[in-house]
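Data first, discussion second: the structure below is written as structure tokens.
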Amino acid sequence: MTEVTSNVAGADRELIAFRIGEQEFCVDIMNVREIRGWTPATPLPRSPSYMKGVINLRGIVLPIIDLGARFGLATAEPTARHVIMVAHIGNRMVGLLVDAVSDIVQLTDSTIQPTPDVASDHVKTFVKGIFAVEGGRMISLIDLDHVLPAESEAEAA
Amino acid sequence: MSDDPFEAIKVTFFQECSELLGDLEANLLALETGQGDGETINAVFRAVHSVKGGAGAFGLEDLVRFAHVFETLMDELRSGRKECDDVTIKTLLRASDVLADHIAAAQGTKPPVDVARSAGLVAELEVLTHGQAKPAAPVAAAPVEDDFGFTPLTLDLADFGDPVELPSLELPSLDLPPLAAAPAAGWRIVFRPHPRLYASANDVSLLLRELARLGQTSVQLDDSGLPSLDALDAEDAHLIWTIDLSGDASEASVRDVFDFVEMDCDLSITALAPAASADLPGLPELPALAAAPVEPDFDIATLLAQATAAATDMTPAPAVAPAPAPIAPVTAPKPAAPVVAPAQAAAPAAPVGPAPVTIRVDLDRVDRLINVVGELVIQQAMLAQRVMESGLARSSDIALGLEDLELLTRDIQDSVMAIRAQPVKSVFQRMPRLVREVAEMTGKRVRLVTAGEDTEVDKTVVERLAEPITHMLRNAIDHGLESPEEREAAGKPAEGVVRLAALHRSGRIVIEIADDGKGINRSRVRGIAVDRGLIAEDAVLTDDEVDNLIFLPGFSTAETITDVSGRGVGMDVVRRSIQALGGRISISSVPGKGSTFTLSLPLTLAVLDGMVVAAAEQTLVAPLSAIVESLTPRVEDIHYVGGHDAVIRFREEFVPLVDVGRVMGFRDDATTLNGGVVMIVETEAGSRAALLVDAINGQRQVVIKSLETNYRHVDGVSAATILGDGSVALILDIDALVLAGRRKSNRPELKMAS
Amino acid sequence: MTKTVLTVDDSRTMRDMLMLALKDAGYRVVQAEDGIHGLEVLQAESPDIVITDINMPRMDGFGFIEGMRADPNHKATPVLVLTTESDAAKKQRARDAGATGWIVKPFDPAKLVDAVRRVAA
């Protein structure tokens, strides 16, 4: 693999790592407000399949997005073992449904590498880069800004 | 909150300006329609006057200068010196626009006003003020400096009666005689108050105190003018003071002390000769004061003797108190009668009845209160649910208590919501100016008529109204109204009318914007929609449906992108912003006669009276205001039109039957009617439909939670709420639901862009 | 003893400014919004000095002063009028109404306090 210098300012960041299926991902911890268990969501009509519905988070109506489905990975029906990460995306608050949250990792941007071409185009939309942590794990850094459905994406016709 | 109180007052000033501008415009508009009177003109004057006053305090020069010219004309008008005719009023309206711009520029929310535009209006105002064109003189700064225009009074001591020796009064702090020990320079002030000086609560002792600040003073009182006690008029003035002020105070500073009273006294100020001459008669300006030279060692006895020997038979006041407190002997005249007869104390303006007492409250506090009350409603609902589930009897004390609690909670909620309810006037008020500007820009002649400004709606809704109303007004003037020539050719008056009205209807607020223009050109709209691939070429649409095509994204009928409406901001954006509020917008149009946009919005974004229903295992809430009746459907009442469109008989008509669970996408196949319930609903447009659900679970007042905040608009859903069991329930958008139902069954060939 | 000043002005900005200048100088300030309100507060508070604007709704400054002077309790209370110009005619009008003195707007806080001092002990 070629070394590529990152174009992001070399600052240390804390990331929270989570698992979907066999893969590991992470997001900037500054975006994540809290972690909670799965509760059944009220489904929204004519929504994309990755939109699981909305739940009540202490009086706030929180949309739940199945990240695995959003990334185009095979997913199973959510159970009580699944985890919801409550995250800020822009000025919205969203619940991200994942299999489990693993740990907090430190990352210096300079260690980020570009996403390898083997990854599907679909996944690449969301992944900013990948990097390695001890133990040889490869973790993909997620760009949350693309996770929410864009305005033009209508409800499934 | 800034720490600097002065800065805080500046914020207050701009807030006040915004209120004043609103009143000002409203008043000018009233004058324009002939509904104003003298008091209206006065109110306009006061508004401009207040703006100018505050602006001066903050040194906002451009604003002060413009306001001054405006104020000057208003002064002429309120005094009746100039007539307030149509031309004047129209100029005043434009001046109020420029004034608003100056204020915004001063506030920093807008760039500085275009010099030419401001100067142009200034010139117009001056023409109206002065009757003819003034030579184009630059607008002078408001005369803000002190200009006393003081004209010296000549002192005529002749009517003081025969001069008697001035009793020399010893001042504790001074040597006698003052003149003999006079330093190099100073002033001799002779001061005789008129009764009115006392009547205006001026206090001679305070004047003397002020003089004493300028230097050393020696004060002599001449009370020879005092009549005997029985002849004494308590409110008359009889005393004369002579004050010798030594020091280097200027004459101006001496005069300044008497600034307030100069009109109500006889005052002479002459230079004290620095020379040693101790002879009073030597002073040419005071011929009448020629008296015996002041000598030291005067004592009271001598004084009295001399006084008694006076030519007049006046009895000098025995109390020869030291000068600093001359008030003591003259307590009589001090509480003088008012110069103005008490009879005139009646208020010149007819007092209005007691004004409603209001208080100002931070909006934050109100918002927090409303949120907390919202949570209270949810908690109360949850509590009620748990009690019900626990099996407690309905008649038990707890259950009854809970019912009371529910009523109380509802009461609190209503009251609290009313706090934040505001008339739409604040939004409507900005529109006349907008209409003027758009009319000018498009060369149309427009008259704006408004109605229902006092219609109240929650603050959360009011603020969001401005933008859509603005768009629609622009649209109406730019695209709806014809040019004056076209109108006349069509037999219409050259001036078009746009009507903006607000009213309450079935628990919602309805805003109508109607123009008497050319209406929607249906063939053109249809053509554009086909061109843009929004509808199929052979699509069959009703007139209404064609009209509503303009709401589709990407639709704009402007051939050239005018500055006003066409710049990519289409009606679809307007519709989305209305939908985000839980509202809807529709249009109806008659070619050649005009178009009417109708906006319908919930009264508040906060609470809703709803009917909780179940459909396809989902709990949903239907707005109570839309429900006409509920009934259990009977198979024999259902008919199928064209083989597959279900309608149900309701009273004497057949209404379309909408399977809620299927239309919402919760279920793929149609449900059977067994065990189901039908709710007859009425849409905004007034048409009826029957919603088929699985069960009705009761009425509840629910707190509205927006879906758009964290997600986006979902068709068929107006908002969400949190039920007693903590789960989220969707609130149905009845109109969208009915429309979707029709679409699903009736128009398979109509391809609508999503 | 702290003296009480009654300020009568329909402009909130002006009331705030007067309050600021007067409180800084150690006075206690009570306020009113127009002449009628001013007369009510006058009765309730019996201030030592009054400062009033002229142009106000319901009852203007002159009406207010006339009302003051008609009341035996307040005939001798000093009252200053706020005026934007100090031409002789305006001063005359103020005097005719019974004003003790005047303050020209926009006012310098020091001048304001000075004027107040000049008419009140």
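Numbering starts fresh at 1 for the residues of each chain in the structure tokens, the chains themselves are lettered A, B, ... in the order given, and ligands are numbered from 1 as they appear.
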Picked from stretch 631-673 of chain B by DSSP as alpha helix (DSSP H), as a list in words: Val660, Gly661, Arg662 and Val663 of chain B
Take the residues that were just selected and, keeping N, CA, C and O atoms, output them as an mmCIF file, in the first residue's frame.
```cif
data_model
loop_
_atom_site.group_PDB
_atom_site.id
_atom_site.type_symbol
_atom_site.label_atom_id
_atom_site.label_comp_id
_atom_site.auth_asym_id
_atom_site.auth_seq_id
_atom_site.Cartn_x
_atom_site.Cartn_y
_atom_site.Cartn_z
ATOM 1 N N VAL B 660 -56.872 3.365 5.483
ATOM 2 C CA VAL B 660 -55.722 4.071 6.035
ATOM 3 C C VAL B 660 -54.472 3.199 6.102
ATOM 4 O O VAL B 660 -53.393 3.601 5.697
ATOM 5 N N GLY B 661 -54.655 1.983 6.577
ATOM 6 C CA GLY B 661 -53.498 1.113 6.729
ATOM 7 C C GLY B 661 -52.791 0.869 5.406
ATOM 8 O O GLY B 661 -51.555 0.893 5.327
ATOM 9 N N ARG B 662 -53.579 0.719 4.345
ATOM 10 C CA ARG B 662 -52.989 0.442 3.043
ATOM 11 C C ARG B 662 -52.382 1.700 2.446
ATOM 12 O O ARG B 662 -51.262 1.680 1.924
ATOM 13 N N VAL B 663 -53.108 2.795 2.522
ATOM 14 C CA VAL B 663 -52.608 4.028 1.910
ATOM 15 C C VAL B 663 -51.320 4.494 2.584
ATOM 16 O O VAL B 663 -50.425 5.044 1.948
#
```
Contacts of B:Asn371 at 12 Å (only C-alpha atoms; same-chain gap of 6+ positions) as number ranges by chain: A: 59-60; B: 364-365, 377-378, 413, 416-417, 605-607, 703-705
Taking only C-alpha atoms into account, find every residue of chain B that has an atom no more than 9 Å from chain A, and write it out as a VMD selection string. chain B and resid 375 378 618 to 619 663 to 666 705 to 707 709 to 712 714 to 717 720 to 722 726 to 730 754
Counting only C-alpha atoms, which residues of chain C fall within 7 Å of chain B, and what is the closest atom pair for each with its distance in Å at one decimal, ordered by chain and rising number, as CSV?
```
residue,atom,partner,partner_atom,distance
C:Ser11,CA,B:Ser50,CA,6.4
C:Arg12,CA,B:Glu16,CA,7.0
C:Thr13,CA,B:Phe13,CA,5.0
C:Met14,CA,B:Gly54,CA,6.6
C:Asp16,CA,B:Ile9,CA,6.4
C:Met17,CA,B:Ile9,CA,6.9
C:Asn55,CA,B:Arg46,CA,6.2
C:Met56,CA,B:Arg46,CA,7.0
C:Arg58,CA,B:Pro351,CA,5.6
C:Met59,CA,B:Ala349,CA,5.9
C:Gly63,CA,B:Ala347,CA,5.6
C:Glu66,CA,B:Ala345,CA,5.1
C:Gly67,CA,B:Ala345,CA,4.8
C:Arg69,CA,B:Pro338,CA,5.8
C:Ala70,CA,B:Pro342,CA,5.2
C:Lys75,CA,B:Pro335,CA,6.9
C:Ala76,CA,B:Ala201,CA,4.6
C:Thr77,CA,B:Ala201,CA,6.0
C:Pro78,CA,B:Ala201,CA,5.1
C:Thr84,CA,B:Val144,CA,6.9
C:Glu85,CA,B:Val144,CA,6.3
C:Ser86,CA,B:Asp147,CA,6.1
C:Asp87,CA,B:Phe148,CA,6.3
C:Ala88,CA,B:Gly149,CA,6.3
C:Ala97,CA,B:Val340,CA,6.8
C:Gly98,CA,B:Ser200,CA,4.7
C:Ala99,CA,B:Ser200,CA,5.5
C:Thr100,CA,B:Ser200,CA,4.8
C:Gly101,CA,B:Phe260,CA,5.0
C:Lys105,CA,B:Gly53,CA,6.6
C:Pro106,CA,B:Ala57,CA,4.8
C:Phe107,CA,B:Ala57,CA,7.0
C:Arg118,CA,B:Leu206,CA,6.3
C:Val119,CA,B:Asn202,CA,6.4
C:Ala121,CA,B:Leu206,CA,6.6
```
Have a look at B:Val546, B:Ile41, B:Ala249, B:Leu465 and name the one nearest to B:Met74; count only C-alpha atoms.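 Closest to B:Met74, using only C-alpha atoms: B:Ile41.
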Shell of 12 Å around C:Pro109, only C-alpha atoms, local chain residues under 6 positions omitted, as a PyMOL selection string: (chain B and resi 6+57) or (chain C and resi 14+17-25+103+115-116)
Serialized selection, N, CA and C atoms, as an mmCIF file, in the first residue's frame:
```
data_model
loop_
_atom_site.group_PDB
_atom_site.id
_atom_site.type_symbol
_atom_site.label_atom_id
_atom_site.label_comp_id
_atom_site.auth_asym_id
_atom_site.auth_seq_id
_atom_site.Cartn_x
_atom_site.Cartn_y
_atom_site.Cartn_z
ATOM 1 N N PHE B 6 -25.655 51.204 28.603
ATOM 2 C CA PHE B 6 -25.924 52.088 27.479
ATOM 3 C C PHE B 6 -26.195 51.279 26.221
ATOM 4 N N ALA B 57 -29.657 60.827 20.729
ATOM 5 C CA ALA B 57 -28.918 60.395 21.914
ATOM 6 C C ALA B 57 -27.777 59.459 21.550
ATOM 7 N N MET C 14 -36.083 56.636 25.929
ATOM 8 C CA MET C 14 -35.817 57.844 26.707
ATOM 9 C C MET C 14 -35.949 57.548 28.197
ATOM 10 N N MET C 17 -32.880 55.868 29.360
ATOM 11 C CA MET C 17 -31.719 56.748 29.461
ATOM 12 C C MET C 17 -31.798 57.657 30.668
ATOM 13 N N LEU C 18 -32.988 58.164 30.920
ATOM 14 C CA LEU C 18 -33.149 59.022 32.094
ATOM 15 C C LEU C 18 -32.856 58.221 33.354
ATOM 16 N N MET C 19 -33.404 57.020 33.379
ATOM 17 C CA MET C 19 -33.214 56.167 34.556
ATOM 18 C C MET C 19 -31.730 55.950 34.807
ATOM 19 N N LEU C 20 -31.001 55.638 33.739
ATOM 20 C CA LEU C 20 -29.576 55.359 33.867
ATOM 21 C C LEU C 20 -28.846 56.561 34.447
ATOM 22 N N ALA C 21 -29.081 57.737 33.860
ATOM 23 C CA ALA C 21 -28.361 58.934 34.297
ATOM 24 C C ALA C 21 -28.724 59.306 35.726
ATOM 25 N N LEU C 22 -30.001 59.177 36.054
ATOM 26 C CA LEU C 22 -30.440 59.622 37.374
ATOM 27 C C LEU C 22 -30.031 58.641 38.467
ATOM 28 N N LYS C 23 -30.130 57.365 38.152
ATOM 29 C CA LYS C 23 -29.743 56.392 39.177
ATOM 30 C C LYS C 23 -28.256 56.501 39.481
ATOM 31 N N ASP C 24 -27.476 56.707 38.415
ATOM 32 C CA ASP C 24 -26.044 56.872 38.624
ATOM 33 C C ASP C 24 -25.757 58.042 39.541
ATOM 34 N N ALA C 25 -26.633 59.035 39.488
ATOM 35 C CA ALA C 25 -26.410 60.225 40.310
ATOM 36 C C ALA C 25 -27.032 60.064 41.684
ATOM 37 N N ILE C 103 -34.757 70.656 29.789
ATOM 38 C CA ILE C 103 -33.556 69.925 29.403
ATOM 39 C C ILE C 103 -33.654 69.696 27.913
ATOM 40 N N ALA C 115 -29.240 70.083 35.772
ATOM 41 C CA ALA C 115 -30.526 70.770 35.711
ATOM 42 C C ALA C 115 -31.413 70.332 36.876
ATOM 43 N N VAL C 116 -31.373 69.025 37.172
ATOM 44 C CA VAL C 116 -32.187 68.523 38.281
ATOM 45 C C VAL C 116 -31.744 69.160 39.588
#
```
Which residues are close to B:Ile243, i.e. within 6 Å by only C-alpha atoms, leaving aside same-chain residues fewer than 6 positions away? Reply as a short mmCIF file (atom, residue, chain, number, x, y, z; two decimals) with C-alpha atoms, in the first residue's frame.
```
data_model
loop_
_atom_site.label_atom_id
_atom_site.label_comp_id
_atom_site.auth_asym_id
_atom_site.auth_seq_id
_atom_site.Cartn_x
_atom_site.Cartn_y
_atom_site.Cartn_z
CA ARG B 188 -23.54 92.91 40.38
CA ILE B 189 -26.78 91.11 39.81
CA SER B 218 -22.77 88.80 48.96
CA VAL B 219 -26.49 89.01 48.91
#
```
Enumerate as JSON, numbers by chain all residues of chain A assigned to strand (DSSP E or B) by DSSP on the backbone, naming them with the chain letters and numbers the document uses. {"A": [12, 13, 14, 15, 16, 17, 18, 19, 20, 23, 24, 25, 26, 27, 28, 32, 33, 34, 35, 36, 37, 42, 51, 52, 53, 54, 55, 56, 57, 60, 61, 62, 63, 64, 65, 66, 83, 84, 85, 86, 87, 88, 89, 92, 93, 94, 95, 96, 97, 98, 100, 101, 102, 103, 104, 105, 106, 107, 108, 113, 127, 128, 129, 130, 131, 132, 133, 137, 138, 139, 140, 141, 142]}
Selected residues written out, C-alpha atoms, as a compact mmCIF listing (two decimals), in the first residue's frame:
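See again36.txt below for the written result:
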```txt
# COMPACT_ATOMS: atom_id res chain seq x y z
CA ASP A 12 -5.62 13.90 17.28
CA ARG A 13 -9.22 12.81 17.36
CA GLU A 14 -11.17 10.51 19.52
CA LEU A 15 -13.42 8.10 17.70
CA ILE A 16 -16.00 5.69 18.82
CA ALA A 17 -15.81 2.34 17.09
CA PHE A 18 -18.78 0.12 16.39
CA ARG A 19 -19.53 -3.10 14.60
CA ILE A 20 -22.00 -3.97 11.89
CA GLN A 23 -17.04 -5.01 9.82
CA GLU A 24 -15.88 -2.26 12.08
CA PHE A 25 -16.55 1.40 11.64
CA CYS A 26 -16.06 4.53 13.66
CA VAL A 27 -17.24 8.08 13.90
CA ASP A 28 -15.91 11.17 15.61
CA VAL A 32 -22.25 11.06 19.42
CA ARG A 33 -24.48 12.15 22.27
CA GLU A 34 -25.38 8.89 23.88
CA ILE A 35 -25.71 5.16 23.44
CA ARG A 36 -28.85 3.27 24.26
CA GLY A 37 -30.45 -0.04 23.68
CA THR A 42 -42.84 3.59 15.06
CA MET A 51 -35.33 4.10 7.88
CA LYS A 52 -36.54 2.02 10.75
CA GLY A 53 -38.95 4.58 12.11
CA VAL A 54 -38.96 6.99 15.02
CA ILE A 55 -38.60 6.56 18.77
CA ASN A 56 -39.22 8.75 21.75
CA LEU A 57 -36.00 9.99 23.30
CA ILE A 60 -37.76 14.17 21.23
CA VAL A 61 -38.89 12.30 18.14
CA LEU A 62 -35.74 10.57 16.98
CA PRO A 63 -35.47 8.95 13.54
CA ILE A 64 -33.66 5.61 13.59
CA ILE A 65 -31.43 4.74 10.69
CA ASP A 66 -30.16 1.20 10.24
CA VAL A 83 -27.53 -0.64 19.98
CA ILE A 84 -28.63 2.84 19.03
CA MET A 85 -26.06 5.61 18.88
CA VAL A 86 -27.69 8.98 19.24
CA ALA A 87 -25.73 11.31 17.01
CA HIS A 88 -25.78 14.88 15.80
CA ILE A 89 -25.78 15.34 12.07
CA ARG A 92 -30.53 17.18 13.47
CA MET A 93 -30.41 14.47 16.06
CA VAL A 94 -30.54 10.95 14.72
CA GLY A 95 -30.40 7.43 16.08
CA LEU A 96 -27.97 5.11 14.32
CA LEU A 97 -28.74 1.44 14.67
CA VAL A 98 -25.64 -0.77 14.88
CA ALA A 100 -22.59 -3.20 19.01
CA VAL A 101 -20.30 -0.44 20.11
CA SER A 102 -16.72 -1.55 20.72
CA ASP A 103 -14.42 1.03 22.11
CA ILE A 104 -12.93 4.46 21.87
CA VAL A 105 -9.86 4.82 19.72
CA GLN A 106 -7.42 7.61 19.30
CA LEU A 107 -6.60 8.60 15.82
CA THR A 108 -4.13 10.92 14.32
CA GLN A 113 -5.51 5.89 4.39
CA VAL A 127 -16.44 6.15 4.24
CA LYS A 128 -13.84 8.86 4.55
CA GLY A 129 -10.92 6.53 4.88
CA ILE A 130 -9.66 3.51 6.75
CA PHE A 131 -6.91 2.95 9.25
CA ALA A 132 -5.45 0.31 11.38
CA VAL A 133 -5.47 -0.10 15.11
CA ARG A 137 -8.09 -4.41 12.88
CA MET A 138 -9.05 -2.20 9.99
CA ILE A 139 -11.62 0.38 10.86
CA SER A 140 -13.53 2.55 8.40
CA LEU A 141 -14.10 6.15 9.30
CA ILE A 142 -17.65 7.20 8.54
```
Have a look at atom CA of B:Leu620 and atom CA of A:Leu67 and let me know their distance in Å, one decimal.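 According to the coordinates, atom CA of B:Leu620 and atom CA of A:Leu67 are separated by 26.6 Å.
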Excluding stretch 466-478 of chain B and residues on its chain fewer than 3 positions from it, collect all residues at most 8 Å away from it, counting only C-alpha atoms, and give them as a list in words. Val427, Met431, Leu434, Val435, Val438, Ala439, Thr442, Lys444, Val446, Val462, Glu463, Leu481, Val498, Ile513, Ala514, Asp515, Gly517, Val564, Ser565, Val574, Ser577, Ile578 and Phe597 of chain B
How would the residues just picked look written out with N, CA and C atoms as a PDB file, in the first residue's frame?
```pdb
ATOM      1  N   VAL B 427     -47.252  40.512  10.938  1.00  0.00           N
ATOM      2  CA  VAL B 427     -46.786  40.068   9.619  1.00  0.00           C
ATOM      3  C   VAL B 427     -47.438  40.909   8.533  1.00  0.00           C
ATOM      4  N   MET B 431     -46.441  44.136   4.835  1.00  0.00           N
ATOM      5  CA  MET B 431     -46.816  43.889   3.438  1.00  0.00           C
ATOM      6  C   MET B 431     -47.088  45.140   2.594  1.00  0.00           C
ATOM      7  N   LEU B 434     -43.986  46.183   1.016  1.00  0.00           N
ATOM      8  CA  LEU B 434     -43.562  45.210   0.011  1.00  0.00           C
ATOM      9  C   LEU B 434     -44.344  45.413  -1.276  1.00  0.00           C
ATOM     10  N   VAL B 435     -45.643  45.587  -1.112  1.00  0.00           N
ATOM     11  CA  VAL B 435     -46.499  45.760  -2.281  1.00  0.00           C
ATOM     12  C   VAL B 435     -46.095  47.008  -3.039  1.00  0.00           C
ATOM     13  N   VAL B 438     -42.813  46.178  -4.925  1.00  0.00           N
ATOM     14  CA  VAL B 438     -42.977  45.272  -6.062  1.00  0.00           C
ATOM     15  C   VAL B 438     -43.745  45.966  -7.181  1.00  0.00           C
ATOM     16  N   ALA B 439     -44.737  46.748  -6.792  1.00  0.00           N
ATOM     17  CA  ALA B 439     -45.510  47.470  -7.812  1.00  0.00           C
ATOM     18  C   ALA B 439     -44.588  48.388  -8.591  1.00  0.00           C
ATOM     19  N   THR B 442     -42.292  46.416 -10.938  1.00  0.00           N
ATOM     20  CA  THR B 442     -42.908  45.764 -12.082  1.00  0.00           C
ATOM     21  C   THR B 442     -43.753  46.713 -12.904  1.00  0.00           C
ATOM     22  N   LYS B 444     -46.545  47.959 -12.132  1.00  0.00           N
ATOM     23  CA  LYS B 444     -47.986  47.737 -12.031  1.00  0.00           C
ATOM     24  C   LYS B 444     -48.553  48.718 -11.026  1.00  0.00           C
ATOM     25  N   VAL B 446     -51.010  48.866  -7.912  1.00  0.00           N
ATOM     26  CA  VAL B 446     -51.628  47.891  -7.016  1.00  0.00           C
ATOM     27  C   VAL B 446     -52.178  48.553  -5.779  1.00  0.00           C
ATOM     28  N   VAL B 462     -46.854  32.440  13.491  1.00  0.00           N
ATOM     29  CA  VAL B 462     -46.830  33.799  12.945  1.00  0.00           C
ATOM     30  C   VAL B 462     -45.518  34.102  12.231  1.00  0.00           C
ATOM     31  N   GLU B 463     -44.436  33.758  12.918  1.00  0.00           N
ATOM     32  CA  GLU B 463     -43.141  34.129  12.350  1.00  0.00           C
ATOM     33  C   GLU B 463     -42.875  33.445  11.030  1.00  0.00           C
ATOM     34  N   LEU B 481     -51.244  40.022 -11.768  1.00  0.00           N
ATOM     35  CA  LEU B 481     -51.836  41.268 -12.254  1.00  0.00           C
ATOM     36  C   LEU B 481     -51.290  41.655 -13.611  1.00  0.00           C
ATOM     37  N   VAL B 498     -55.119  43.569  -4.650  1.00  0.00           N
ATOM     38  CA  VAL B 498     -54.674  42.313  -4.048  1.00  0.00           C
ATOM     39  C   VAL B 498     -55.231  42.293  -2.632  1.00  0.00           C
ATOM     40  N   ILE B 513     -54.916  34.935  -0.260  1.00  0.00           N
ATOM     41  CA  ILE B 513     -54.316  36.015  -1.054  1.00  0.00           C
ATOM     42  C   ILE B 513     -54.976  35.972  -2.415  1.00  0.00           C
ATOM     43  N   ALA B 514     -55.756  36.992  -2.684  1.00  0.00           N
ATOM     44  CA  ALA B 514     -56.533  36.997  -3.922  1.00  0.00           C
ATOM     45  C   ALA B 514     -56.148  38.194  -4.765  1.00  0.00           C
ATOM     46  N   ASP B 515     -56.053  37.981  -6.057  1.00  0.00           N
ATOM     47  CA  ASP B 515     -55.814  39.114  -6.940  1.00  0.00           C
ATOM     48  C   ASP B 515     -56.888  39.124  -8.015  1.00  0.00           C
ATOM     49  N   GLY B 517     -56.412  39.693 -11.132  1.00  0.00           N
ATOM     50  CA  GLY B 517     -55.618  39.752 -12.354  1.00  0.00           C
ATOM     51  C   GLY B 517     -56.135  38.811 -13.422  1.00  0.00           C
ATOM     52  N   VAL B 564     -38.017  39.715  -9.115  1.00  0.00           N
ATOM     53  CA  VAL B 564     -39.036  39.631  -8.076  1.00  0.00           C
ATOM     54  C   VAL B 564     -39.390  38.205  -7.683  1.00  0.00           C
ATOM     55  N   SER B 565     -39.892  37.432  -8.609  1.00  0.00           N
ATOM     56  CA  SER B 565     -40.397  36.124  -8.194  1.00  0.00           C
ATOM     57  C   SER B 565     -39.640  34.969  -8.793  1.00  0.00           C
ATOM     58  N   VAL B 574     -42.506  27.316  -1.502  1.00  0.00           N
ATOM     59  CA  VAL B 574     -43.534  27.890  -0.637  1.00  0.00           C
ATOM     60  C   VAL B 574     -44.365  26.767  -0.024  1.00  0.00           C
ATOM     61  N   SER B 577     -42.552  24.924   2.715  1.00  0.00           N
ATOM     62  CA  SER B 577     -42.435  25.619   4.000  1.00  0.00           C
ATOM     63  C   SER B 577     -43.776  25.631   4.720  1.00  0.00           C
ATOM     64  N   ILE B 578     -44.852  25.661   3.967  1.00  0.00           N
ATOM     65  CA  ILE B 578     -46.179  25.602   4.604  1.00  0.00           C
ATOM     66  C   ILE B 578     -46.408  24.208   5.171  1.00  0.00           C
ATOM     67  N   PHE B 597     -55.043  32.279  -3.651  1.00  0.00           N
ATOM     68  CA  PHE B 597     -54.274  31.265  -2.944  1.00  0.00           C
ATOM     69  C   PHE B 597     -54.865  31.131  -1.563  1.00  0.00           C
TER      70      PHE B 597
END
```
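Of note, atom CA of C:Asp108 and atom CA of C:Glu33 are spaced 21.7 Å apart.
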